[in-house]
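Listing of data09.txt, compact mmCIF, C-alpha atoms and all ligand atoms
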```txt
# COMPACT_ATOMS: atom_id res chain seq x y z
CA MET N 4 12.72 33.85 -0.75
CA THR N 5 15.15 31.28 -2.13
CA SER N 6 14.45 29.50 -5.40
CA LYS N 7 16.14 26.30 -6.48
CA GLN N 8 15.51 24.27 -9.64
CA PHE N 9 14.81 20.53 -9.50
CA ASP N 10 14.09 18.07 -12.29
CA ILE N 11 11.37 16.55 -10.10
CA VAL N 12 9.53 17.74 -6.98
CA VAL N 13 7.43 15.09 -5.23
CA ILE N 14 4.58 15.99 -2.88
CA GLY N 15 4.14 13.27 -0.24
CA GLY N 16 6.50 11.02 1.72
CA GLY N 17 4.39 7.84 1.61
CA ILE N 18 5.51 4.72 -0.25
CA HIS N 19 4.71 6.29 -3.64
CA GLY N 20 6.56 9.53 -2.93
CA ALA N 21 9.57 7.62 -1.58
CA GLY N 22 9.42 5.17 -4.51
CA VAL N 23 9.29 7.94 -7.12
CA ALA N 24 12.18 9.72 -5.38
CA GLN N 25 14.23 6.53 -5.47
CA ALA N 26 13.45 5.79 -9.14
CA ALA N 27 14.09 9.45 -10.11
CA ALA N 28 17.40 9.66 -8.27
CA ALA N 29 18.46 6.28 -9.72
CA HIS N 30 17.77 7.78 -13.15
CA GLY N 31 20.12 10.66 -12.36
CA TYR N 32 17.45 13.33 -11.84
CA SER N 33 17.65 15.98 -9.14
CA VAL N 34 14.65 15.42 -6.87
CA LEU N 35 13.07 17.03 -3.83
CA VAL N 36 10.41 15.37 -1.65
CA LEU N 37 8.03 17.51 0.41
CA GLU N 38 6.35 15.75 3.33
CA GLN N 39 4.05 17.72 5.62
CA SER N 40 4.27 15.40 8.60
CA SER N 41 6.62 12.38 8.73
CA ILE N 42 7.61 9.54 6.38
CA ALA N 43 4.69 7.07 6.02
CA ALA N 44 2.45 9.22 8.21
CA GLY N 45 -0.55 8.48 5.94
CA THR N 46 -1.82 5.15 4.59
CA SER N 47 1.71 3.78 4.18
CA SER N 48 1.87 2.98 7.91
CA ARG N 49 -1.76 1.82 8.18
CA SER N 50 -1.93 -0.95 5.58
CA SER N 51 -2.36 -4.70 6.15
CA LYS N 52 1.45 -4.89 5.86
CA LEU N 53 1.33 -7.63 3.24
CA ILE N 54 3.69 -7.91 0.31
CA HIS N 55 1.47 -10.15 -1.71
CA GLY N 56 0.25 -11.07 -5.15
CA GLY N 57 -3.36 -10.51 -4.12
CA LEU N 58 -4.86 -13.98 -4.47
CA ARG N 59 -8.39 -12.61 -4.54
CA TYR N 60 -7.63 -10.34 -7.54
CA LEU N 61 -7.65 -13.53 -9.62
CA GLU N 62 -11.43 -13.65 -9.19
CA SER N 63 -11.72 -10.33 -11.02
CA ALA N 64 -9.24 -11.56 -13.67
CA GLN N 65 -6.56 -8.97 -12.75
CA PHE N 66 -3.83 -11.38 -13.93
CA THR N 67 -1.34 -8.71 -14.99
CA LEU N 68 -1.56 -7.04 -11.57
CA VAL N 69 -1.10 -10.38 -9.76
CA ARG N 70 1.91 -11.33 -11.89
CA GLU N 71 3.48 -7.91 -11.33
CA CYS N 72 2.84 -8.12 -7.56
CA LEU N 73 4.44 -11.57 -7.36
CA TYR N 74 7.48 -10.38 -9.29
CA GLU N 75 7.85 -7.34 -7.00
CA ARG N 76 7.45 -9.63 -3.99
CA SER N 77 10.39 -11.71 -5.22
CA LEU N 78 12.51 -8.56 -5.62
CA LEU N 79 11.65 -7.35 -2.12
CA LEU N 80 12.45 -10.75 -0.60
CA LYS N 81 15.86 -10.47 -2.27
CA ASN N 82 16.56 -6.77 -1.67
CA ALA N 83 14.97 -6.27 1.76
CA PRO N 84 15.36 -9.59 3.64
CA GLU N 85 15.30 -7.82 7.03
CA LEU N 86 12.08 -6.00 6.17
CA VAL N 87 10.05 -8.47 4.12
CA GLU N 88 9.48 -12.00 5.36
CA LEU N 89 7.91 -14.95 3.55
CA LYS N 90 5.09 -16.43 5.66
CA PRO N 91 2.75 -19.42 5.37
CA PHE N 92 -0.85 -18.37 4.75
CA TYR N 93 -3.73 -20.69 5.69
CA ILE N 94 -7.16 -20.77 4.04
CA PRO N 95 -9.64 -22.80 6.12
CA LEU N 96 -12.78 -24.05 4.35
CA TYR N 97 -16.03 -24.91 6.12
CA SER N 98 -19.26 -26.18 4.59
CA ASP N 99 -20.63 -22.60 4.40
CA THR N 100 -17.45 -20.98 2.98
CA SER N 101 -18.40 -19.21 -0.25
CA ARG N 102 -15.50 -20.70 -2.26
CA THR N 103 -15.31 -24.45 -2.80
CA ALA N 104 -12.12 -26.49 -2.33
CA TRP N 105 -11.99 -26.92 -6.08
CA GLN N 106 -12.09 -23.12 -6.65
CA VAL N 107 -9.41 -22.44 -4.03
CA ARG N 108 -7.16 -25.15 -5.47
CA ALA N 109 -7.59 -23.73 -9.00
CA GLY N 110 -6.87 -20.20 -7.72
CA LEU N 111 -3.73 -21.32 -5.90
CA ALA N 112 -2.53 -23.28 -8.94
CA LEU N 113 -2.93 -20.18 -11.11
CA TYR N 114 -1.26 -18.03 -8.43
CA SER N 115 1.65 -20.42 -8.36
CA THR N 116 1.90 -20.38 -12.18
CA LEU N 117 1.84 -16.57 -12.31
CA GLY N 118 4.57 -16.50 -9.64
CA GLY N 119 6.82 -18.77 -11.68
CA PHE N 120 6.73 -22.12 -9.80
CA SER N 121 9.52 -21.17 -7.36
CA THR N 122 9.72 -22.58 -3.82
CA GLU N 123 7.84 -19.57 -2.45
CA ASN N 124 4.93 -20.34 -4.78
CA ARG N 125 4.23 -23.88 -3.56
CA PHE N 126 0.88 -24.67 -1.98
CA LYS N 127 -0.63 -27.75 -0.37
CA LEU N 128 -3.51 -29.18 1.61
CA VAL N 129 -2.69 -29.33 5.32
CA PRO N 130 -3.25 -32.95 6.49
CA ARG N 131 -6.08 -33.38 9.03
CA LYS N 132 -3.59 -34.75 11.59
CA ASP N 133 -1.85 -31.34 11.65
CA TRP N 134 -5.00 -29.25 12.17
CA ASP N 135 -4.55 -29.12 15.96
CA LYS N 136 -1.30 -27.19 15.43
CA LEU N 137 -3.23 -24.34 13.75
CA ASP N 138 -3.39 -21.85 16.64
CA GLY N 139 -6.77 -23.01 17.96
CA LEU N 140 -8.60 -22.66 14.63
CA GLU N 141 -12.27 -23.74 14.92
CA ARG N 142 -12.41 -27.47 14.05
CA GLU N 143 -16.16 -27.97 14.00
CA ASP N 144 -17.31 -28.46 10.41
CA LEU N 145 -13.76 -27.73 9.15
CA GLN N 146 -13.47 -29.45 5.76
CA ARG N 147 -10.09 -28.49 4.38
CA VAL N 148 -7.15 -26.16 5.05
CA PHE N 149 -4.92 -24.94 2.23
CA ARG N 150 -1.45 -23.52 2.84
CA TYR N 151 0.43 -21.23 0.47
CA TYR N 152 3.09 -18.52 0.84
CA ASP N 153 3.03 -14.73 0.72
CA ALA N 154 5.02 -12.08 2.59
CA GLN N 155 4.64 -9.64 5.48
CA THR N 156 6.49 -6.38 6.11
CA ASP N 157 6.62 -3.38 8.40
CA ASP N 158 5.13 -0.82 6.00
CA LYS N 159 6.48 2.22 7.87
CA LEU N 160 10.03 0.82 8.11
CA LEU N 161 9.90 -0.23 4.45
CA THR N 162 8.83 3.27 3.36
CA GLU N 163 11.59 4.84 5.48
CA ALA N 164 14.13 2.44 3.94
CA VAL N 165 13.04 3.38 0.39
CA MET N 166 13.33 7.08 1.30
CA ARG N 167 16.83 6.53 2.72
CA SER N 168 17.78 4.68 -0.46
CA ALA N 169 16.56 7.67 -2.50
CA GLN N 170 18.56 10.06 -0.30
CA SER N 171 21.69 7.94 -0.67
CA LEU N 172 21.33 8.50 -4.43
CA GLY N 173 21.06 12.26 -3.95
CA ALA N 174 17.33 12.92 -3.39
CA GLU N 175 16.56 15.77 -0.99
CA LEU N 176 13.86 15.61 1.66
CA GLN N 177 12.12 18.60 3.26
CA MET N 178 10.13 17.55 6.34
CA PRO N 179 7.95 18.82 7.79
CA ALA N 180 7.21 20.81 4.67
CA GLU N 181 3.66 21.48 3.58
CA PHE N 182 3.00 22.02 -0.10
CA ILE N 183 0.88 25.18 -0.35
CA GLY N 184 0.61 25.87 -4.06
CA ALA N 185 2.09 25.73 -7.54
CA GLU N 186 1.69 27.68 -10.77
CA ARG N 187 2.64 26.39 -14.17
CA SER N 188 5.01 28.70 -15.97
CA GLY N 189 5.94 27.41 -19.42
CA LYS N 190 7.85 24.16 -19.06
CA HIS N 191 8.00 24.08 -15.28
CA TYR N 192 6.03 24.69 -12.10
CA ILE N 193 6.84 27.27 -9.49
CA VAL N 194 6.26 25.33 -6.27
CA ARG N 195 5.58 26.90 -2.87
CA TYR N 196 5.83 25.14 0.46
CA ARG N 197 5.91 26.05 4.13
CA THR N 198 8.56 24.72 6.47
CA GLY N 199 8.37 25.98 10.04
CA MET N 200 7.68 29.72 9.87
CA GLN N 201 9.31 29.99 6.45
CA LYS N 202 7.69 30.04 3.02
CA VAL N 203 9.97 28.62 0.34
CA GLU N 204 9.72 28.61 -3.44
CA CYS N 205 11.40 26.25 -5.90
CA HIS N 206 11.08 25.24 -9.54
CA ALA N 207 10.15 21.79 -10.83
CA ARG N 208 10.43 20.58 -14.41
CA LEU N 209 8.04 17.80 -13.36
CA LEU N 210 5.78 17.95 -10.31
CA ILE N 211 4.56 14.65 -8.85
CA ASN N 212 1.47 14.60 -6.69
CA ALA N 213 1.93 11.52 -4.47
CA ALA N 214 -0.29 12.83 -1.69
CA GLY N 215 -2.40 9.65 -1.36
CA ALA N 216 -5.81 10.46 0.11
CA TRP N 217 -4.97 14.18 -0.22
CA VAL N 218 -4.43 13.87 -3.99
CA ASN N 219 -7.37 16.11 -4.95
CA ASP N 220 -6.68 18.60 -2.11
CA VAL N 221 -3.22 19.09 -3.60
CA LEU N 222 -4.71 19.54 -7.09
CA ASN N 223 -6.99 22.25 -5.72
CA LYS N 224 -3.88 24.28 -4.87
CA ILE N 225 -2.54 24.24 -8.41
CA SER N 226 -3.04 26.78 -11.15
CA PRO N 227 -4.12 26.90 -13.87
CA GLU N 228 -6.85 24.60 -12.58
CA VAL N 229 -6.44 20.85 -13.16
CA THR N 230 -9.60 18.79 -12.71
CA GLY N 231 -8.89 15.67 -10.66
CA LEU N 232 -10.48 12.24 -11.05
CA ASP N 233 -13.70 11.47 -9.21
CA ILE N 234 -12.71 9.24 -6.31
CA ASP N 235 -14.05 7.54 -3.23
CA LEU N 236 -11.97 7.35 -0.08
CA ILE N 237 -12.49 3.95 1.51
CA GLN N 238 -11.28 3.44 5.04
CA GLY N 239 -9.88 0.14 6.23
CA THR N 240 -9.45 -0.62 9.92
CA HIS N 241 -7.21 -3.06 11.78
CA ILE N 242 -7.35 -4.05 15.44
CA ILE N 243 -4.52 -5.36 17.59
CA LEU N 244 -5.13 -7.75 20.48
CA GLU N 245 -3.10 -9.62 23.10
CA GLY N 246 -2.04 -13.15 22.12
CA THR N 247 -0.76 -14.17 18.73
CA VAL N 248 -0.80 -16.85 16.04
CA ASN N 249 2.42 -18.79 15.62
CA GLN N 250 1.95 -20.73 12.41
CA GLY N 251 1.48 -17.88 9.98
CA ILE N 252 -1.33 -15.76 8.59
CA TYR N 253 -4.96 -16.89 8.34
CA TYR N 254 -7.03 -15.81 5.36
CA ILE N 255 -10.62 -16.05 6.53
CA GLU N 256 -14.02 -14.97 5.29
CA ALA N 257 -16.20 -12.59 7.33
CA PRO N 258 -19.52 -14.32 8.04
CA GLU N 259 -21.41 -11.04 7.66
CA ASP N 260 -20.51 -10.23 4.04
CA LYS N 261 -18.02 -12.93 2.94
CA ARG N 262 -15.17 -10.40 2.56
CA ALA N 263 -11.58 -11.55 3.10
CA VAL N 264 -10.12 -10.79 6.53
CA PHE N 265 -6.54 -11.53 7.62
CA VAL N 266 -5.53 -12.72 11.10
CA MET N 267 -1.80 -12.25 11.52
CA PRO N 268 1.02 -12.08 14.02
CA TRP N 269 2.23 -8.52 14.61
CA LYS N 270 5.05 -7.63 17.03
CA ASP N 271 4.14 -10.43 19.51
CA LYS N 272 0.48 -9.53 19.27
CA LEU N 273 -2.43 -10.38 17.00
CA MET N 274 -3.60 -8.10 14.20
CA VAL N 275 -6.94 -8.48 12.42
CA GLY N 276 -8.09 -6.54 9.38
CA THR N 277 -9.52 -5.10 7.37
CA THR N 278 -12.85 -3.41 6.75
CA GLU N 279 -14.28 -1.16 4.05
CA SER N 280 -16.32 1.96 4.90
CA PHE N 281 -16.82 5.12 2.89
CA PHE N 282 -14.93 8.10 4.32
CA HIS N 283 -15.67 11.81 3.90
CA GLY N 284 -13.66 14.64 5.39
CA ASN N 285 -10.07 15.46 6.26
CA PRO N 286 -7.84 12.37 5.66
CA ALA N 287 -5.74 13.33 8.69
CA LYS N 288 -8.78 12.71 10.89
CA VAL N 289 -9.55 9.11 9.86
CA ILE N 290 -10.17 6.87 12.89
CA PRO N 291 -11.46 3.31 13.33
CA LEU N 292 -15.24 3.13 13.79
CA ALA N 293 -16.90 1.12 16.58
CA LYS N 294 -18.88 -0.90 14.01
CA GLU N 295 -15.66 -1.83 12.18
CA LYS N 296 -14.05 -3.04 15.40
CA ALA N 297 -17.17 -5.08 16.21
CA TYR N 298 -17.12 -6.64 12.72
CA LEU N 299 -13.47 -7.67 13.10
CA MET N 300 -13.97 -9.05 16.63
CA GLU N 301 -16.98 -11.06 15.51
CA THR N 302 -15.15 -12.47 12.49
CA LEU N 303 -12.14 -13.41 14.63
CA GLY N 304 -14.35 -15.12 17.22
CA CYS N 305 -16.03 -17.27 14.56
CA TYR N 306 -12.70 -18.84 13.57
CA PHE N 307 -10.77 -18.70 16.85
CA PRO N 308 -13.09 -19.70 19.72
CA ARG N 309 -10.74 -18.33 22.43
CA TYR N 310 -11.56 -14.82 21.15
CA ARG N 311 -15.35 -15.28 21.34
CA GLN N 312 -15.77 -13.41 24.63
CA ILE N 313 -13.63 -10.35 23.83
CA THR N 314 -14.99 -6.82 24.13
CA HIS N 315 -13.84 -3.40 22.90
CA GLN N 316 -11.74 -3.11 26.10
CA ASP N 317 -9.55 -5.98 24.87
CA ILE N 318 -8.39 -4.01 21.84
CA VAL N 319 -4.84 -2.87 22.56
CA GLU N 320 -4.60 -0.62 19.53
CA SER N 321 -6.46 0.09 16.31
CA PHE N 322 -5.75 2.15 13.22
CA ALA N 323 -7.41 3.08 9.94
CA GLY N 324 -5.99 3.84 6.50
CA LEU N 325 -7.57 5.27 3.37
CA ARG N 326 -7.75 3.69 -0.07
CA VAL N 327 -8.16 5.97 -3.07
CA LEU N 328 -10.51 4.27 -5.51
CA PRO N 329 -11.89 5.75 -8.75
CA LYS N 330 -15.65 6.28 -8.42
CA THR N 331 -17.75 3.50 -9.96
CA ASP N 332 -21.08 1.93 -9.09
CA GLY N 333 -19.53 -1.36 -7.92
CA ALA N 334 -18.78 -2.37 -4.32
CA ALA N 335 -15.41 -1.03 -3.13
CA PHE N 336 -14.09 -4.56 -2.52
CA SER N 337 -14.38 -5.61 -6.18
CA ARG N 338 -13.09 -2.46 -7.88
CA PRO N 339 -9.87 -2.71 -9.92
CA ARG N 340 -6.73 -1.91 -7.89
CA ASP N 341 -4.64 -0.58 -10.76
CA THR N 342 -2.72 2.63 -10.22
CA LEU N 343 -3.67 5.59 -12.42
CA PHE N 344 -1.47 8.49 -13.55
CA HIS N 345 -3.37 11.70 -14.25
CA THR N 346 -1.66 14.64 -15.96
CA ASP N 347 -2.21 18.36 -16.43
CA GLN N 348 -1.66 18.09 -20.22
CA THR N 349 -1.18 15.23 -22.63
CA ASP N 350 1.35 16.76 -25.04
CA ASP N 351 3.67 18.45 -22.50
CA PRO N 352 2.77 17.05 -19.05
CA ARG N 353 4.50 18.80 -16.16
CA LEU N 354 2.24 17.53 -13.37
CA VAL N 355 1.44 13.87 -12.67
CA SER N 356 -0.97 12.79 -9.92
CA ILE N 357 -0.89 9.21 -8.64
CA TYR N 358 -4.28 7.65 -7.81
CA GLY N 359 -4.61 4.35 -5.92
CA GLY N 360 -1.88 1.75 -5.86
CA LYS N 361 -0.42 -0.95 -3.68
CA LEU N 362 2.49 -1.01 -1.29
CA THR N 363 3.71 -4.25 -2.92
CA VAL N 364 4.21 -2.71 -6.37
CA TYR N 365 5.47 0.73 -5.34
CA ARG N 366 8.79 0.19 -7.17
CA ALA N 367 7.18 -0.89 -10.44
CA THR N 368 4.70 2.01 -10.22
CA ALA N 369 7.50 4.52 -9.62
CA GLN N 370 9.64 3.09 -12.40
CA LYS N 371 6.71 3.22 -14.86
CA LEU N 372 6.07 6.83 -13.95
CA ILE N 373 9.69 7.82 -14.53
CA ASP N 374 9.87 5.85 -17.80
CA GLU N 375 6.60 7.33 -19.08
CA PHE N 376 7.35 10.98 -18.29
CA SER N 377 11.12 11.25 -18.66
CA PHE N 378 10.57 12.56 -22.22
CA VAL N 379 9.83 16.02 -20.75
CA LEU N 380 13.09 16.04 -18.74
CA PRO N 381 16.69 16.62 -19.85
CA GLY N 382 18.81 13.51 -20.47
CA ARG N 383 20.74 12.39 -17.36
CA LYS N 384 23.21 9.63 -16.65
CA ILE N 385 21.49 6.63 -15.03
CA VAL N 386 23.24 5.81 -11.75
CA ALA N 387 21.41 2.71 -10.47
CA ASP N 388 18.76 0.10 -11.23
CA THR N 389 16.04 0.03 -8.55
CA ARG N 390 15.64 -3.75 -9.07
CA ASN N 391 19.03 -4.23 -7.42
CA LEU N 392 19.02 -1.67 -4.61
CA ALA N 393 19.24 -3.12 -1.11
CA LEU N 394 16.75 -1.81 1.46
CA THR N 395 17.75 -2.04 5.10
CA PRO N 396 16.23 -0.97 8.40
CA GLN N 397 18.20 1.74 10.18
C1 LIG N 401 -6.52 -0.52 4.92
C2 LIG N 401 -5.52 -0.68 3.82
C3 LIG N 401 -4.76 -1.83 3.76
C4 LIG N 401 -3.83 -1.99 2.74
N1 LIG N 401 -3.07 -3.12 2.73
C5 LIG N 401 -2.15 -3.29 1.76
C6 LIG N 401 -1.32 -4.44 1.77
O1 LIG N 401 -1.40 -5.27 2.69
N2 LIG N 401 -0.44 -4.58 0.77
C7 LIG N 401 -0.32 -3.67 -0.24
O2 LIG N 401 0.48 -3.89 -1.15
N3 LIG N 401 -1.05 -2.54 -0.26
C8 LIG N 401 -1.96 -2.33 0.73
N4 LIG N 401 -2.72 -1.19 0.75
C9 LIG N 401 -2.45 -0.13 -0.24
C10 LIG N 401 -1.25 0.73 0.19
O3 LIG N 401 -1.13 0.78 1.58
C11 LIG N 401 -1.42 2.16 -0.36
O4 LIG N 401 -1.64 2.10 -1.75
C12 LIG N 401 -0.17 3.00 -0.14
O5 LIG N 401 0.27 2.96 1.19
C13 LIG N 401 -0.49 4.45 -0.53
O6 LIG N 401 0.70 5.19 -0.42
P1 LIG N 401 0.77 6.71 -0.88
O7 LIG N 401 2.20 7.09 -0.85
O8 LIG N 401 0.03 6.86 -2.17
O9 LIG N 401 -0.10 7.51 0.18
P2 LIG N 401 0.23 7.88 1.70
O10 LIG N 401 0.99 6.82 2.38
O11 LIG N 401 -1.05 8.30 2.33
O12 LIG N 401 1.21 9.13 1.57
C14 LIG N 401 0.77 10.42 1.20
C15 LIG N 401 1.64 11.40 1.95
O13 LIG N 401 1.39 12.71 1.42
C16 LIG N 401 1.55 13.64 2.47
N5 LIG N 401 0.89 14.89 2.10
C17 LIG N 401 -0.42 15.08 1.83
N6 LIG N 401 -0.66 16.37 1.55
C18 LIG N 401 0.54 17.02 1.61
C19 LIG N 401 0.94 18.38 1.43
N7 LIG N 401 0.07 19.37 1.13
N8 LIG N 401 2.26 18.69 1.59
C20 LIG N 401 3.18 17.73 1.90
N9 LIG N 401 2.83 16.43 2.11
C21 LIG N 401 1.53 16.08 1.95
C22 LIG N 401 0.88 12.93 3.65
O14 LIG N 401 1.31 13.45 4.89
C23 LIG N 401 1.32 11.48 3.43
O15 LIG N 401 2.49 11.16 4.17
C24 LIG N 401 -3.66 -0.98 1.77
C25 LIG N 401 -4.43 0.19 1.85
C26 LIG N 401 -5.34 0.35 2.87
C27 LIG N 401 -6.13 1.59 2.96
```

Output the structure of this file as structure tokens.
Amino acid sequence: MTSKQFDIVVIGGGIHGAGVAQAAAAHGYSVLVLEQSSIAAGTSSRSSKLIHGGLRYLESAQFTLVRECLYERSLLLKNAPELVELKPFYIPLYSDTSRTAWQVRAGLALYSTLGGFSTENRFKLVPRKDWDKLDGLEREDLQRVFRYYDAQTDDKLLTEAVMRSAQSLGAELQMPAEFIGAERSGKHYIVRYRTGMQKVECHARLLINAAGAWVNDVLNKISPEVTGLDIDLIQGTHIILEGTVNQGIYYIEAPEDKRAVFVMPWKDKLMVGTTESFFHGNPAKVIPLAKEKAYLMETLGCYFPRYRQITHQDIVESFAGLRVLPKTDGAAFSRPRDTLFHTDQTDDPRLVSIYGGKLTVYRATAQKLIDEFSFVLPGRKIVADTRNLALTPQ
């Protein structure tokens, strides 16, 4: 058995693991990432692929989160222009839409203010004469269409780019490498992982659990025992169909439950999502449910009449990802989306587990984590500022 010492060992090669590795390496720390499968194999390749402020979070008064998301969006547009693209978003309003034109206008005005009034934060009403250019959007009873801007990415490519950026700053990656256990020993953890037929041991001054939906499974392998947070895993499904929309992304409301659904172009095809269903079991086994696909097809057909006759056979591809949400009584859709850090100890934390989070703010989340817990690590010379690091596709 070999044993190497790292300042930080990260479990998980999703956007949070890659982000923490990048922020840690930029801070001058030695860092190792363990990923059991491949980069972005979990939720980080199954998201809605939006780099957005989260317009609907304004309704639950999550202003700080929206402002932070819009700031991170502006950084990504600057640092990753080949991976993150600004797109027009359209909100059509009909007489039975749950939000009134006045509410949407007020929301967009606030969104624009929180984003800092730049060009990418403009919004407007689309004139009636231009409605026939909107990709065959249902015109009957259409009252208004608002247009604003947000961004779209390829979540898998973005995560890979962040991981490469971390590696270029010295981070190490072991993959496939399954974390199998860790024991706290004074001021560090002895970490064990399996790679191929080999079992390897290393030492971490700080162990980061960025295992996404597996967060509590990882905690169960750690001693002394650390009780995790009570969570729900909520699955969200997307479907991909032939055809596309050319004007941008449509932000529509599902007739069944008034939830937001996005209709977006995706690699010359059409992607529609998402849903929210409780999930129990092994996160690796999450698959789209027939009822979720039916819900998305029905919602699409309501707004785009040419898709009214589609059946399950017309679905080219579908995928499901898992959200980690702290357990509360409220509906999943309206729960806060803040990211939580959970530690093994308050006075001398050597293990930090990441719960929840958003792709859009991965950098800010990672930076906060490093800033908050660097007091347990030796001083190192900072080598880069993650706000200025370019991210490029390979
Ligand atoms: C349906 C859906 C849509 C979303 N859409 C958006 C969006 O449009 N915009 C946005 O900003 N956010 C969005 N999000 C949120 C965002 O996608 C997630 O917060 C983010 O991808 C989670 O990343 P993660 O790194 O925490 O987890 P993951 O990406 O799941 O990564 C965890 C990694 O840990 C690895 N792992 C687990 N156990 C072990 C082990 N024992 N050893 C080694 N490795 C292990 C897994 O293989 C996996 O690769 C969405 C989420 C969902 C569910």

At most 7 Å from ligand LIG 401 (chain N) (only C-alpha atoms and all ligand atoms): residue list as a short mmCIF file (atom, residue, chain, number, x, y, z; two decimals) with C-alpha atoms, in the frame of the given file:
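Result written to part.cif:
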```
data_model
loop_
_atom_site.label_atom_id
_atom_site.label_comp_id
_atom_site.auth_asym_id
_atom_site.auth_seq_id
_atom_site.Cartn_x
_atom_site.Cartn_y
_atom_site.Cartn_z
CA ILE N 14 4.58 15.99 -2.88
CA GLY N 15 4.14 13.27 -0.24
CA GLY N 16 6.50 11.02 1.72
CA GLY N 17 4.39 7.84 1.61
CA ILE N 18 5.51 4.72 -0.25
CA HIS N 19 4.71 6.29 -3.64
CA GLY N 20 6.56 9.53 -2.93
CA LEU N 37 8.03 17.51 0.41
CA GLU N 38 6.35 15.75 3.33
CA GLN N 39 4.05 17.72 5.62
CA SER N 40 4.27 15.40 8.60
CA SER N 41 6.62 12.38 8.73
CA ILE N 42 7.61 9.54 6.38
CA ALA N 43 4.69 7.07 6.02
CA ALA N 44 2.45 9.22 8.21
CA GLY N 45 -0.55 8.48 5.94
CA THR N 46 -1.82 5.15 4.59
CA SER N 47 1.71 3.78 4.18
CA SER N 48 1.87 2.98 7.91
CA ARG N 49 -1.76 1.82 8.18
CA SER N 50 -1.93 -0.95 5.58
CA SER N 51 -2.36 -4.70 6.15
CA LYS N 52 1.45 -4.89 5.86
CA LEU N 53 1.33 -7.63 3.24
CA ILE N 54 3.69 -7.91 0.31
CA HIS N 55 1.47 -10.15 -1.71
CA ALA N 180 7.21 20.81 4.67
CA GLU N 181 3.66 21.48 3.58
CA PHE N 182 3.00 22.02 -0.10
CA ILE N 183 0.88 25.18 -0.35
CA ALA N 213 1.93 11.52 -4.47
CA ALA N 214 -0.29 12.83 -1.69
CA GLY N 215 -2.40 9.65 -1.36
CA ALA N 216 -5.81 10.46 0.11
CA TRP N 217 -4.97 14.18 -0.22
CA VAL N 221 -3.22 19.09 -3.60
CA ILE N 237 -12.49 3.95 1.51
CA GLN N 238 -11.28 3.44 5.04
CA GLY N 239 -9.88 0.14 6.23
CA THR N 240 -9.45 -0.62 9.92
CA THR N 277 -9.52 -5.10 7.37
CA ALA N 323 -7.41 3.08 9.94
CA GLY N 324 -5.99 3.84 6.50
CA LEU N 325 -7.57 5.27 3.37
CA ARG N 326 -7.75 3.69 -0.07
CA ILE N 357 -0.89 9.21 -8.64
CA GLY N 359 -4.61 4.35 -5.92
CA GLY N 360 -1.88 1.75 -5.86
CA LYS N 361 -0.42 -0.95 -3.68
CA LEU N 362 2.49 -1.01 -1.29
CA THR N 363 3.71 -4.25 -2.92
CA VAL N 364 4.21 -2.71 -6.37
#
```

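Compared by their closest atoms to Leu58 of chain N, and using all atoms listed in the file, the residues N:Val23, N:Leu222, N:Ala263, N:Ile385 rank with N:Ala263 nearest.
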
Notebook entry, point to check: Pick from N:Arg59, N:Arg167, N:Lys7, N:His283: nearest to Leu394 of chain N, with only C-alpha atoms counted?
Noted result: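 Under the stated criterion, the closest residue is N:Arg167.
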
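Taking only C-alpha atoms into account, Asp153 of chain N lies nearest to N:Leu79 out of the set N:Ala185, N:Leu79, N:Cys205, N:Val194.
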
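Proximity to Arg309 of chain N was assessed for N:Glu186, N:Asp233, N:Glu245, N:Asp10 counting all atoms listed in the file; the smallest distance is recorded for N:Glu245.
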
Item checked: Spatial neighbours of Ile313 of chain N, 12 Å, only C-alpha atoms, chain gap at least 4 places, as a PyMOL selection string -> chain N and resi 244-245+296-297+299-305+307-309+317-319

Restrict the selected residues to C-alpha atoms and save them as an mmCIF file, keeping the file's coordinate frame.
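Once everything was written out, this is out.cif:
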```cif
data_model
loop_
_atom_site.group_PDB
_atom_site.id
_atom_site.type_symbol
_atom_site.label_atom_id
_atom_site.label_comp_id
_atom_site.auth_asym_id
_atom_site.auth_seq_id
_atom_site.Cartn_x
_atom_site.Cartn_y
_atom_site.Cartn_z
ATOM 1 C CA LEU N 244 -5.130 -7.750 20.480
ATOM 2 C CA GLU N 245 -3.100 -9.620 23.100
ATOM 3 C CA LYS N 296 -14.050 -3.040 15.400
ATOM 4 C CA ALA N 297 -17.170 -5.080 16.210
ATOM 5 C CA LEU N 299 -13.470 -7.670 13.100
ATOM 6 C CA MET N 300 -13.970 -9.050 16.630
ATOM 7 C CA GLU N 301 -16.980 -11.060 15.510
ATOM 8 C CA THR N 302 -15.150 -12.470 12.490
ATOM 9 C CA LEU N 303 -12.140 -13.410 14.630
ATOM 10 C CA GLY N 304 -14.350 -15.120 17.220
ATOM 11 C CA CYS N 305 -16.030 -17.270 14.560
ATOM 12 C CA PHE N 307 -10.770 -18.700 16.850
ATOM 13 C CA PRO N 308 -13.090 -19.700 19.720
ATOM 14 C CA ARG N 309 -10.740 -18.330 22.430
ATOM 15 C CA ASP N 317 -9.550 -5.980 24.870
ATOM 16 C CA ILE N 318 -8.390 -4.010 21.840
ATOM 17 C CA VAL N 319 -4.840 -2.870 22.560
#
```

Notebook entry, point to check: Smallest atom-to-atom distance to Arg76 of chain N: which of N:Asp235, N:Glu88, N:Glu175, N:Asp374, using all atoms listed in the file?
Noted result: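 Smallest distance to Arg76 of chain N is found for N:Glu88.
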
Next item on the list: Skip Ser101 of chain N itself and residues of its chain fewer than 4 positions away, then list as a ChimeraX atom specification all residues within 9 Å of it, counting only C-alpha atoms.
Entry: /N:96-97,256,261
